[in-house]
$ cat run_21.cif   # mmCIF, C-alpha atoms
data_query
loop_
_atom_site.label_atom_id
_atom_site.label_comp_id
_atom_site.auth_asym_id
_atom_site.auth_seq_id
_atom_site.Cartn_x
_atom_site.Cartn_y
_atom_site.Cartn_z
CA MET A 1144 -32.60 11.52 5.58
CA ARG A 1145 -34.75 10.60 8.58
CA PHE A 1146 -34.70 7.24 10.37
CA LYS A 1147 -37.31 5.99 12.82
CA VAL A 1148 -35.45 4.13 15.53
CA ASN A 1149 -36.22 2.21 18.67
CA PRO A 1150 -34.48 4.32 21.34
CA ARG A 1151 -34.64 1.53 23.90
CA VAL A 1152 -32.56 -0.79 21.70
CA LEU A 1153 -30.01 1.90 20.87
CA ARG A 1154 -29.66 2.98 24.50
CA ALA A 1155 -29.17 -0.62 25.61
CA GLY A 1156 -26.23 -1.16 23.27
CA SER A 1157 -24.46 2.19 23.39
CA PRO A 1158 -23.58 4.54 26.26
CA ILE A 1159 -23.39 7.38 23.75
CA PHE A 1160 -26.93 6.78 22.50
CA LYS A 1161 -28.01 6.40 26.12
CA THR A 1162 -26.85 9.96 26.72
CA ILE A 1163 -28.04 11.68 23.54
CA LEU A 1164 -31.45 9.94 23.48
CA LYS A 1165 -32.23 10.52 27.14
CA GLY A 1166 -35.57 12.31 27.42
CA ARG A 1167 -35.58 13.27 23.73
CA ASP A 1168 -38.67 13.04 21.54
CA SER A 1169 -37.60 15.47 18.82
CA PRO A 1170 -35.37 14.46 15.88
CA ILE A 1171 -31.62 14.31 16.50
CA VAL A 1172 -29.11 15.32 13.85
CA LEU A 1173 -26.21 12.87 13.53
CA SER A 1174 -23.04 13.45 11.51
CA GLY A 1175 -19.74 11.79 10.69
CA HIS A 1176 -21.16 9.05 8.47
CA THR A 1177 -23.40 8.66 5.44
CA ALA A 1178 -27.07 7.73 5.47
CA SER A 1179 -26.17 4.44 3.79
CA GLN A 1180 -23.67 3.60 6.53
CA PHE A 1181 -26.20 4.38 9.26
CA ARG A 1182 -28.89 2.31 7.53
CA THR A 1183 -26.52 -0.67 7.43
CA PHE A 1184 -25.69 -0.11 11.09
CA LEU A 1185 -29.38 -0.04 12.05
CA TRP A 1186 -29.98 -3.29 10.19
CA ALA A 1187 -27.31 -4.93 12.37
CA VAL A 1188 -28.75 -3.34 15.53
CA TYR A 1189 -32.18 -4.88 14.92
CA ALA A 1190 -30.98 -8.23 13.51
CA GLN A 1191 -31.55 -10.79 16.24
CA PRO A 1192 -29.81 -13.11 16.38
CA LEU A 1193 -26.93 -11.79 14.32
CA PRO A 1194 -25.90 -14.13 11.48
CA SER A 1195 -22.29 -15.14 10.94
CA ALA A 1196 -20.29 -12.08 9.93
CA LYS A 1197 -18.30 -14.26 7.51
CA SER A 1198 -21.30 -14.32 5.17
CA PHE A 1199 -21.25 -10.54 4.68
CA ASP A 1200 -19.32 -8.52 2.15
CA VAL A 1201 -16.49 -6.42 3.51
CA ALA A 1202 -18.05 -3.07 2.55
CA ARG A 1203 -21.10 -3.67 4.79
CA LEU A 1204 -18.93 -4.90 7.63
CA CYS A 1205 -16.73 -1.81 7.34
CA SER A 1206 -19.78 0.45 7.55
CA ILE A 1207 -21.03 -1.35 10.66
CA ALA A 1208 -17.58 -1.26 12.27
CA GLU A 1209 -17.14 2.45 11.51
CA VAL A 1210 -20.52 3.54 12.90
CA SER A 1211 -20.30 1.14 15.85
CA PHE A 1212 -16.97 2.64 16.82
CA LYS A 1213 -18.36 6.17 16.63
CA TYR A 1214 -21.21 5.32 19.02
CA ASP A 1215 -19.32 2.74 21.10
CA PHE A 1216 -21.78 -0.04 20.26
CA ASN A 1217 -19.63 -2.82 21.72
CA SER A 1218 -21.51 -5.90 20.56
CA LEU A 1219 -21.44 -4.76 16.93
CA LYS A 1220 -17.84 -3.59 17.20
CA LEU A 1221 -16.78 -7.10 18.14
CA TRP A 1222 -19.06 -8.81 15.61
CA SER A 1223 -18.06 -6.66 12.63
CA MET A 1224 -14.32 -6.72 13.33
CA GLU A 1225 -14.38 -10.48 13.79
CA GLY A 1226 -15.97 -10.79 10.35
CA ILE A 1227 -13.51 -8.38 8.76
CA LYS A 1228 -10.49 -10.22 10.14
CA SER A 1229 -11.93 -13.53 9.02
CA LEU A 1230 -12.31 -12.26 5.45
CA VAL A 1231 -8.87 -10.63 5.43
CA GLU A 1232 -6.97 -13.55 6.96
CA SER A 1233 -8.74 -16.30 5.00
CA PRO A 1234 -6.51 -18.38 2.66
CA ASN A 1235 -8.75 -17.08 -0.12
CA THR A 1236 -8.49 -13.53 1.20
CA ILE A 1237 -10.68 -10.81 -0.27
CA LEU A 1238 -7.55 -8.68 -0.59
CA ARG A 1239 -6.51 -10.61 -3.70
CA THR A 1240 -9.08 -8.64 -5.68
CA ALA A 1241 -10.06 -5.75 -3.40
CA ALA A 1242 -10.02 -2.19 -4.72
CA SER A 1243 -7.84 0.55 -3.26
CA GLU A 1244 -10.86 2.02 -1.44
CA THR A 1245 -11.24 -1.22 0.53
CA PHE A 1246 -7.59 -1.17 1.59
CA VAL A 1247 -7.94 2.45 2.71
CA ARG A 1248 -11.01 1.67 4.85
CA LEU A 1249 -9.37 -1.39 6.38
CA ILE A 1250 -6.21 0.52 7.29
CA ARG A 1251 -8.26 3.26 8.94
CA LEU A 1252 -10.31 0.70 10.86
CA ALA A 1253 -7.16 -1.08 12.04
CA LEU A 1254 -5.87 2.24 13.36
CA LEU A 1255 -9.22 3.17 14.94
CA TYR A 1256 -9.45 -0.16 16.73
CA ARG A 1257 -5.72 -0.16 17.56
CA ASP A 1258 -5.25 -3.53 15.90
CA PRO A 1259 -1.59 -3.72 14.78
CA ALA A 1260 -1.94 -7.30 13.54
CA LEU A 1261 -4.74 -6.33 11.15
CA SER A 1262 -2.78 -3.26 10.05
CA ARG A 1263 0.31 -5.36 9.27
CA THR A 1264 -1.72 -7.92 7.33
CA VAL A 1265 -3.51 -5.31 5.23
CA GLN A 1266 -0.29 -3.41 4.55
CA SER A 1267 1.52 -6.59 3.54
CA LYS A 1268 -1.19 -7.60 1.07
CA TRP A 1269 -1.42 -4.04 -0.25
CA LEU A 1270 2.33 -3.94 -0.88
CA THR A 1271 2.09 -7.17 -2.84
CA ARG A 1272 -0.66 -5.78 -5.05
CA LEU A 1273 1.31 -2.55 -5.54
CA HIS A 1274 4.45 -4.36 -6.66
CA TRP A 1275 2.36 -6.49 -9.01
CA HIS A 1276 1.04 -3.20 -10.42
CA ASP A 1277 -2.50 -4.44 -9.80
CA LEU A 1278 -3.40 -1.21 -7.98
CA PRO A 1279 -2.30 2.42 -8.26
CA ALA A 1280 0.23 3.48 -5.66
CA ALA A 1281 -1.17 6.97 -5.06
CA PRO A 1282 -4.00 5.98 -2.62
CA ALA A 1283 -1.55 3.93 -0.55
CA LEU A 1284 0.92 6.81 -0.55
CA VAL A 1285 -1.71 9.30 0.63
CA VAL A 1286 -3.07 7.15 3.48
CA ALA A 1287 0.41 6.05 4.58
CA ASP A 1288 1.61 9.65 4.67
CA ALA A 1289 -1.47 10.76 6.62
CA HIS A 1290 -1.01 8.06 9.29
CA ASP A 1291 2.80 7.87 9.33
CA LEU A 1292 2.94 4.26 8.09
CA ARG A 1293 6.57 4.50 7.04
CA HIS A 1294 7.07 1.04 5.52
CA LEU A 1295 3.98 1.33 3.34
CA LEU A 1296 4.90 4.91 2.48
CA TYR A 1297 8.40 4.07 1.25
CA HIS A 1298 7.16 1.27 -0.99
CA ALA A 1299 4.25 3.33 -2.32
CA TYR A 1300 6.60 6.19 -3.20
CA TYR A 1301 8.91 3.82 -5.05
CA VAL A 1302 6.14 2.07 -7.01
CA HIS A 1303 4.57 5.42 -7.90
CA LEU A 1304 7.98 6.72 -8.97
CA VAL A 1305 8.38 3.75 -11.33
CA ASP A 1306 4.88 4.35 -12.71
CA VAL A 1307 5.47 8.04 -13.48
CA ALA A 1308 9.13 7.75 -14.56
CA PRO A 1309 8.19 7.57 -18.28
CA ARG A 1310 6.42 10.92 -17.91
CA ILE A 1311 9.48 12.43 -16.27
CA ASP A 1312 11.67 10.94 -19.02
CA ARG A 1313 9.53 12.75 -21.58
CA GLU A 1314 9.62 15.96 -19.49
CA GLN A 1315 5.87 15.81 -18.90
CA PRO A 1316 4.18 16.87 -15.64
CA ILE A 1317 4.03 14.12 -13.02
CA ASP A 1318 0.41 14.92 -12.19
CA ASP A 1319 -1.91 13.95 -15.04
CA GLY A 1320 -4.75 15.92 -13.45
CA ASP A 1321 -6.35 13.02 -11.57
CA SER A 1322 -3.66 12.38 -8.97
CA PRO A 1323 -4.64 12.73 -5.28
CA LEU A 1324 -1.05 13.61 -4.38
CA SER A 1325 -0.24 17.04 -2.99
CA THR A 1326 2.33 19.39 -4.49
CA VAL A 1327 4.80 18.39 -1.77
CA GLN A 1328 4.28 14.68 -2.42
CA ASN A 1329 4.76 15.15 -6.16
CA LEU A 1330 7.94 17.08 -5.41
CA HIS A 1331 9.21 14.16 -3.32
CA VAL A 1332 8.59 11.82 -6.27
CA PHE A 1333 10.37 14.15 -8.69
CA CYS A 1334 13.36 14.57 -6.36
CA GLY A 1335 13.48 10.84 -5.69
CA TYR A 1336 13.60 10.10 -9.41
CA HIS A 1337 16.54 12.43 -10.01
CA SER A 1338 18.28 11.28 -6.83
CA LEU A 1339 18.14 7.63 -7.91
CA LEU A 1340 19.16 8.56 -11.44
CA ALA A 1341 22.18 10.46 -10.12
CA ALA A 1342 23.03 7.57 -7.80
CA TRP A 1343 22.95 5.14 -10.71
CA LYS A 1344 25.19 7.33 -12.85
CA GLN A 1345 27.67 7.48 -10.00
CA LEU A 1346 27.52 3.70 -9.56
CA GLN A 1347 28.15 3.23 -13.28
CA GLU A 1348 31.52 4.92 -12.97
CA SER A 1349 32.96 2.46 -10.46
CA ALA A 1350 31.83 -0.91 -9.19
CA PRO A 1351 30.93 -1.08 -5.48
CA SER A 1352 33.66 -2.58 -3.34
CA PHE A 1353 33.15 -5.72 -1.31
CA THR A 1354 35.01 -7.60 1.40
CA PRO A 1355 36.82 -10.72 0.17
CA ASP A 1356 35.59 -14.04 1.48
CA ALA A 1357 37.98 -15.81 3.83
CA ALA A 1358 37.95 -18.86 1.54
CA CYS A 1359 38.92 -16.82 -1.54
CA SER A 1360 42.50 -17.60 -2.57
CA SER A 1361 42.74 -15.05 -5.37
CA HIS A 1362 40.79 -11.92 -4.60
CA SER A 1363 42.50 -9.96 -7.37
CA LYS A 1364 40.98 -12.28 -9.99
CA CYS A 1365 37.57 -11.89 -8.37
CA LEU A 1366 37.93 -8.12 -8.60
CA ILE A 1367 38.82 -8.31 -12.29
CA ALA A 1368 35.77 -10.46 -13.01
CA TRP A 1369 33.53 -8.28 -10.85
CA ASN A 1370 34.67 -5.03 -12.51
CA ALA A 1371 34.27 -6.55 -15.98
CA ARG A 1372 30.78 -7.78 -15.18
CA TRP A 1373 29.84 -4.41 -13.70
CA ALA A 1374 31.10 -2.55 -16.77
CA LEU A 1375 29.21 -4.93 -19.08
CA GLU A 1376 25.90 -4.51 -17.30
CA THR A 1377 26.12 -0.74 -16.88
CA ARG A 1378 27.39 0.10 -20.35
CA ALA A 1379 24.05 0.18 -22.18
CA ARG A 1380 21.95 3.31 -22.33
CA GLU A 1381 18.93 2.97 -20.05
CA CYS A 1382 15.54 4.54 -19.62
CA GLY A 1383 15.02 6.48 -16.41
CA VAL A 1384 12.74 3.90 -14.80
CA CYS A 1385 15.29 1.11 -15.28
CA ALA A 1386 18.10 3.28 -13.94
CA CYS A 1387 16.00 4.02 -10.85
CA ARG A 1388 15.25 0.33 -10.35
CA ARG A 1389 18.90 -0.60 -10.69
CA ALA A 1390 20.06 2.17 -8.38
CA ALA A 1391 17.53 1.14 -5.73
CA SER A 1392 18.55 -2.51 -6.05
CA ALA A 1393 22.27 -1.81 -5.93
CA THR A 1394 22.17 0.70 -3.08
CA VAL A 1395 19.62 -1.12 -0.91
CA HIS A 1396 20.62 -4.73 -1.50
CA GLY A 1397 24.29 -4.31 -2.34
CA ALA A 1398 23.78 -6.48 -5.40
CA ALA A 1399 24.94 -6.55 -8.97
CA PRO A 1400 22.34 -4.83 -11.19
CA GLY A 1401 19.61 -7.18 -12.32
CA GLY A 1402 20.95 -10.06 -10.30
CA GLY A 1403 19.70 -9.73 -6.74
CA ARG A 1404 22.04 -10.92 -4.02
CA GLY A 1405 24.96 -12.69 -5.59
CA GLY A 1406 24.25 -11.42 -9.11
CA GLY A 1407 23.15 -13.52 -12.03
CA GLY A 1408 20.85 -12.69 -14.90
CA LEU A 1409 21.01 -9.76 -17.28
CA HIS A 1410 18.28 -7.13 -17.37
CA ASP A 1411 17.40 -6.47 -21.00
CA CYS A 1412 16.58 -2.76 -20.94
CA ARG A 1413 14.73 -1.06 -23.77
CA VAL A 1414 14.63 2.69 -24.16
CA TYR A 1415 11.18 4.20 -23.63
CA GLU A 1416 11.58 6.47 -26.64
CA SER A 1417 11.31 3.38 -28.86
CA GLY A 1418 7.92 2.59 -27.33
CA ALA A 1419 9.14 -0.58 -25.62
CA THR A 1420 9.46 -1.41 -21.95
CA CYS A 1421 11.67 -3.55 -19.80
CA ASP A 1422 11.57 -7.27 -20.50
CA ARG A 1423 11.62 -8.22 -16.84
CA ASP A 1424 9.38 -6.83 -14.15
CA GLU A 1425 10.16 -8.04 -10.67
CA LYS A 1426 7.20 -9.39 -8.74
CA GLY A 1427 6.97 -10.55 -5.21
CA GLY A 1428 4.58 -10.93 -2.35
CA ASP A 1429 2.83 -13.29 -0.03
CA PHE A 1430 -0.32 -14.33 -1.90
CA GLY A 1431 1.35 -17.54 -3.04
#
$ encode --input "run_21.cif" --output "structure tokens"
Amino acid sequence: MRFKVNPRVLRAGSPIFKTILKGRDSPIVLSGHTASQFRTFLWAVYAQPLPSAKSFDVARLCSIAEVSFKYDFNSLKLWSMEGIKSLVESPNTILRTAASETFVRLIRLALLYRDPALSRTVQSKWLTRLHWHDLPAAPALVVADAHDLRHLLYHAYYVHLVDVAPRIDREQPIDDGDSPLSTVQNLHVFCGYHSLLAAWKQLQESAPSFTPDAACSSHSKCLIAWNARWALETRARECGVCACRRAASATVHGAAPGGGRGGGGLHDCRVYESGATCDRDEKGGDFG
């Protein structure tokens, strides 16, 4: 697609355009963005004065920020990123309902602009949506693996593992044909499932030990109660996804299964073969 541009305006705002447009009358081929992105960028270039970025949708702002970064158009870089951060950090943040594609673009922009605060905010909100099972974990896993975002990666792997555990239970392939995960990533999920399952089976055999509290006058009675409670909660047959959840909870948090720190509360597990699921699904996050 061809665009007629005002070279004077582009040269004034960008040192890169100043170089590539110098003394050129013939068409110039640009790459690295779509025609739609460049059209949105040109609209912002010619809009004088620029309106408040808060009134724009995040997709348009992302396009302007991406193209502005490529051509080092400083005024639009500042304007678009200010608008993006305003939309992301608002009490009624757009990330409550944003699609995975929006999270991916925002993470990449935060990395491009070296904005760790924006990256942390987007990752935090994305993790919340993942644990609510509002969004698929695979896109988060792929982008986190590509950019070495370890915290996001670990959570995305775990949520994806929980999502595909019923397929593994039924000895079906992890990849349903639409997954963006690589063979290596799927192998990590498969190994993680069996590792957590093995860890849970080992934990079932003996209750984890703990250090007696200084105020405890009868630790032996505490141990009897603890071992009895542990045996009670681990006796029932469990589906693979519940075993993985319990193993992760017990090994990471050092807690009684289903009870969080300090125990409390039974987890009513139903076997997937019966067509039922777990009665309780932990949710958490910072959306309020």
$ resolve_selection --input "run_21.cif" --expression "the PyMOL selection byres ((chain A and resi 1299-1307) around 8)" --output "mmCIF file with C-alpha atoms, in the coordinates of the input"
data_model
loop_
_atom_site.group_PDB
_atom_site.id
_atom_site.type_symbol
_atom_site.label_atom_id
_atom_site.label_comp_id
_atom_site.auth_asym_id
_atom_site.auth_seq_id
_atom_site.Cartn_x
_atom_site.Cartn_y
_atom_site.Cartn_z
ATOM 1 C CA LEU A 1270 2.330 -3.940 -0.880
ATOM 2 C CA LEU A 1273 1.310 -2.550 -5.540
ATOM 3 C CA HIS A 1274 4.450 -4.360 -6.660
ATOM 4 C CA PRO A 1279 -2.300 2.420 -8.260
ATOM 5 C CA ALA A 1280 0.230 3.480 -5.660
ATOM 6 C CA ALA A 1281 -1.170 6.970 -5.060
ATOM 7 C CA ALA A 1283 -1.550 3.930 -0.550
ATOM 8 C CA LEU A 1284 0.920 6.810 -0.550
ATOM 9 C CA LEU A 1295 3.980 1.330 3.340
ATOM 10 C CA LEU A 1296 4.900 4.910 2.480
ATOM 11 C CA TYR A 1297 8.400 4.070 1.250
ATOM 12 C CA HIS A 1298 7.160 1.270 -0.990
ATOM 13 C CA ALA A 1308 9.130 7.750 -14.560
ATOM 14 C CA PRO A 1309 8.190 7.570 -18.280
ATOM 15 C CA ARG A 1310 6.420 10.920 -17.910
ATOM 16 C CA ILE A 1311 9.480 12.430 -16.270
ATOM 17 C CA ILE A 1317 4.030 14.120 -13.020
ATOM 18 C CA VAL A 1332 8.590 11.820 -6.270
ATOM 19 C CA PHE A 1333 10.370 14.150 -8.690
ATOM 20 C CA GLY A 1335 13.480 10.840 -5.690
ATOM 21 C CA TYR A 1336 13.600 10.100 -9.410
ATOM 22 C CA VAL A 1384 12.740 3.900 -14.800
ATOM 23 C CA CYS A 1387 16.000 4.020 -10.850
ATOM 24 C CA ARG A 1388 15.250 0.330 -10.350
#
$ residues_around --input "run_21.cif" --residues "Arg1251 in chain A" --least-positions-apart "4" --cutoff "9 Å" --atoms "all atoms listed in the file" --output "list in words"
Phe1246, Val1247, Leu1255, Tyr1256, Ser1262, Val1286 and His1290 of chain A
$ closest_residue --input "run_21.cif" --among "A:Arg1167, A:Arg1272, A:Arg1372, A:His1337" --to "Leu1238 in chain A" --atoms "all atoms listed in the file"
A:Arg1272
$ residues_around --input "run_21.cif" --residues "Pro1150 in chain A" --least-positions-apart "6" --cutoff "10 Å" --atoms "only C-alpha atoms" --output "MDAnalysis selection string"
chainID A and resid 1160:1161 1164:1165 1167:1168
$ closest_residue --input "run_21.cif" --among "A:Val1210, A:Ala1242, A:Leu1340, A:Leu1204" --to "Gly1226 in chain A" --atoms "all atoms listed in the file"
A:Leu1204
$ resolve_selection --input "run_21.cif" --expression "the PyMOL selection byres ((chain A and resi 1213-1218) around 8)" --output "PyMOL selection string"
chain A and resi 1156-1160+1209-1212+1219-1222
$ atom_distance --input "run_21.cif" --atom1 "CA of Leu1249 in chain A" --atom2 "CA of Trp1186 in chain A"
21.0 Å
$ atom_distance --input "run_21.cif" --atom1 "CA of Trp1269 in chain A" --atom2 "CA of His1176 in chain A"
25.2 Å
$ build_atoms --input "run_21.cif" --residues "range 1291-1320 of chain A" --atoms "N, CA and C atoms" --output "compact mmCIF listing (two decimals), keeping the file's coordinate frame"
# COMPACT_ATOMS: atom_id res chain seq x y z
N ASP A 1291 1.40 8.14 8.99
CA ASP A 1291 2.80 7.87 9.33
C ASP A 1291 3.12 6.37 9.31
N LEU A 1292 2.63 5.68 8.28
CA LEU A 1292 2.94 4.26 8.09
C LEU A 1292 4.17 4.19 7.19
N ARG A 1293 5.34 4.25 7.80
CA ARG A 1293 6.57 4.50 7.04
C ARG A 1293 6.89 3.39 6.03
N HIS A 1294 6.72 2.14 6.43
CA HIS A 1294 7.07 1.04 5.52
C HIS A 1294 6.20 1.07 4.27
N LEU A 1295 4.90 1.23 4.47
CA LEU A 1295 3.98 1.33 3.34
C LEU A 1295 4.29 2.57 2.51
N LEU A 1296 4.62 3.66 3.18
CA LEU A 1296 4.90 4.91 2.48
C LEU A 1296 6.10 4.79 1.56
N TYR A 1297 7.19 4.19 2.06
CA TYR A 1297 8.40 4.07 1.25
C TYR A 1297 8.13 3.24 -0.01
N HIS A 1298 7.44 2.12 0.16
CA HIS A 1298 7.16 1.27 -0.99
C HIS A 1298 6.21 1.96 -1.97
N ALA A 1299 5.21 2.65 -1.44
CA ALA A 1299 4.25 3.33 -2.32
C ALA A 1299 4.94 4.43 -3.12
N TYR A 1300 5.84 5.16 -2.47
CA TYR A 1300 6.60 6.19 -3.20
C TYR A 1300 7.41 5.56 -4.33
N TYR A 1301 8.07 4.45 -4.03
CA TYR A 1301 8.91 3.82 -5.05
C TYR A 1301 8.07 3.31 -6.23
N VAL A 1302 6.97 2.60 -5.93
CA VAL A 1302 6.14 2.07 -7.01
C VAL A 1302 5.55 3.22 -7.84
N HIS A 1303 5.12 4.27 -7.17
CA HIS A 1303 4.57 5.42 -7.90
C HIS A 1303 5.66 6.08 -8.75
N LEU A 1304 6.86 6.15 -8.21
CA LEU A 1304 7.98 6.72 -8.97
C LEU A 1304 8.21 5.92 -10.26
N VAL A 1305 8.20 4.60 -10.14
CA VAL A 1305 8.38 3.75 -11.33
C VAL A 1305 7.25 3.98 -12.33
N ASP A 1306 6.03 4.16 -11.82
CA ASP A 1306 4.88 4.35 -12.71
C ASP A 1306 4.97 5.67 -13.48
N VAL A 1307 5.46 6.73 -12.82
CA VAL A 1307 5.47 8.04 -13.48
C VAL A 1307 6.81 8.36 -14.13
N ALA A 1308 7.81 7.49 -13.98
CA ALA A 1308 9.13 7.75 -14.56
C ALA A 1308 9.08 8.01 -16.07
N PRO A 1309 8.26 7.26 -16.84
CA PRO A 1309 8.19 7.57 -18.28
C PRO A 1309 7.75 9.00 -18.56
N ARG A 1310 6.85 9.53 -17.73
CA ARG A 1310 6.42 10.92 -17.91
C ARG A 1310 7.56 11.88 -17.63
N ILE A 1311 8.34 11.58 -16.58
CA ILE A 1311 9.48 12.43 -16.27
C ILE A 1311 10.52 12.34 -17.38
N ASP A 1312 10.73 11.12 -17.90
CA ASP A 1312 11.67 10.94 -19.02
C ASP A 1312 11.30 11.84 -20.20
N ARG A 1313 9.99 11.96 -20.44
CA ARG A 1313 9.53 12.75 -21.58
C ARG A 1313 9.30 14.21 -21.21
N GLU A 1314 9.73 14.58 -19.98
CA GLU A 1314 9.62 15.96 -19.49
C GLU A 1314 8.16 16.42 -19.45
N GLN A 1315 7.28 15.49 -19.09
CA GLN A 1315 5.87 15.81 -18.90
C GLN A 1315 5.59 16.00 -17.42
N PRO A 1316 4.52 16.72 -17.06
CA PRO A 1316 4.18 16.87 -15.64
C PRO A 1316 3.89 15.52 -14.99
N ILE A 1317 4.30 15.37 -13.74
CA ILE A 1317 4.03 14.12 -13.02
C ILE A 1317 2.53 13.92 -12.83
N ASP A 1318 1.85 14.99 -12.47
CA ASP A 1318 0.41 14.92 -12.19
C ASP A 1318 -0.36 15.01 -13.51
N ASP A 1319 -1.12 13.96 -13.81
CA ASP A 1319 -1.91 13.95 -15.04
C ASP A 1319 -3.26 14.62 -14.88
N GLY A 1320 -3.49 15.22 -13.71
CA GLY A 1320 -4.75 15.92 -13.45
C GLY A 1320 -5.68 15.16 -12.55
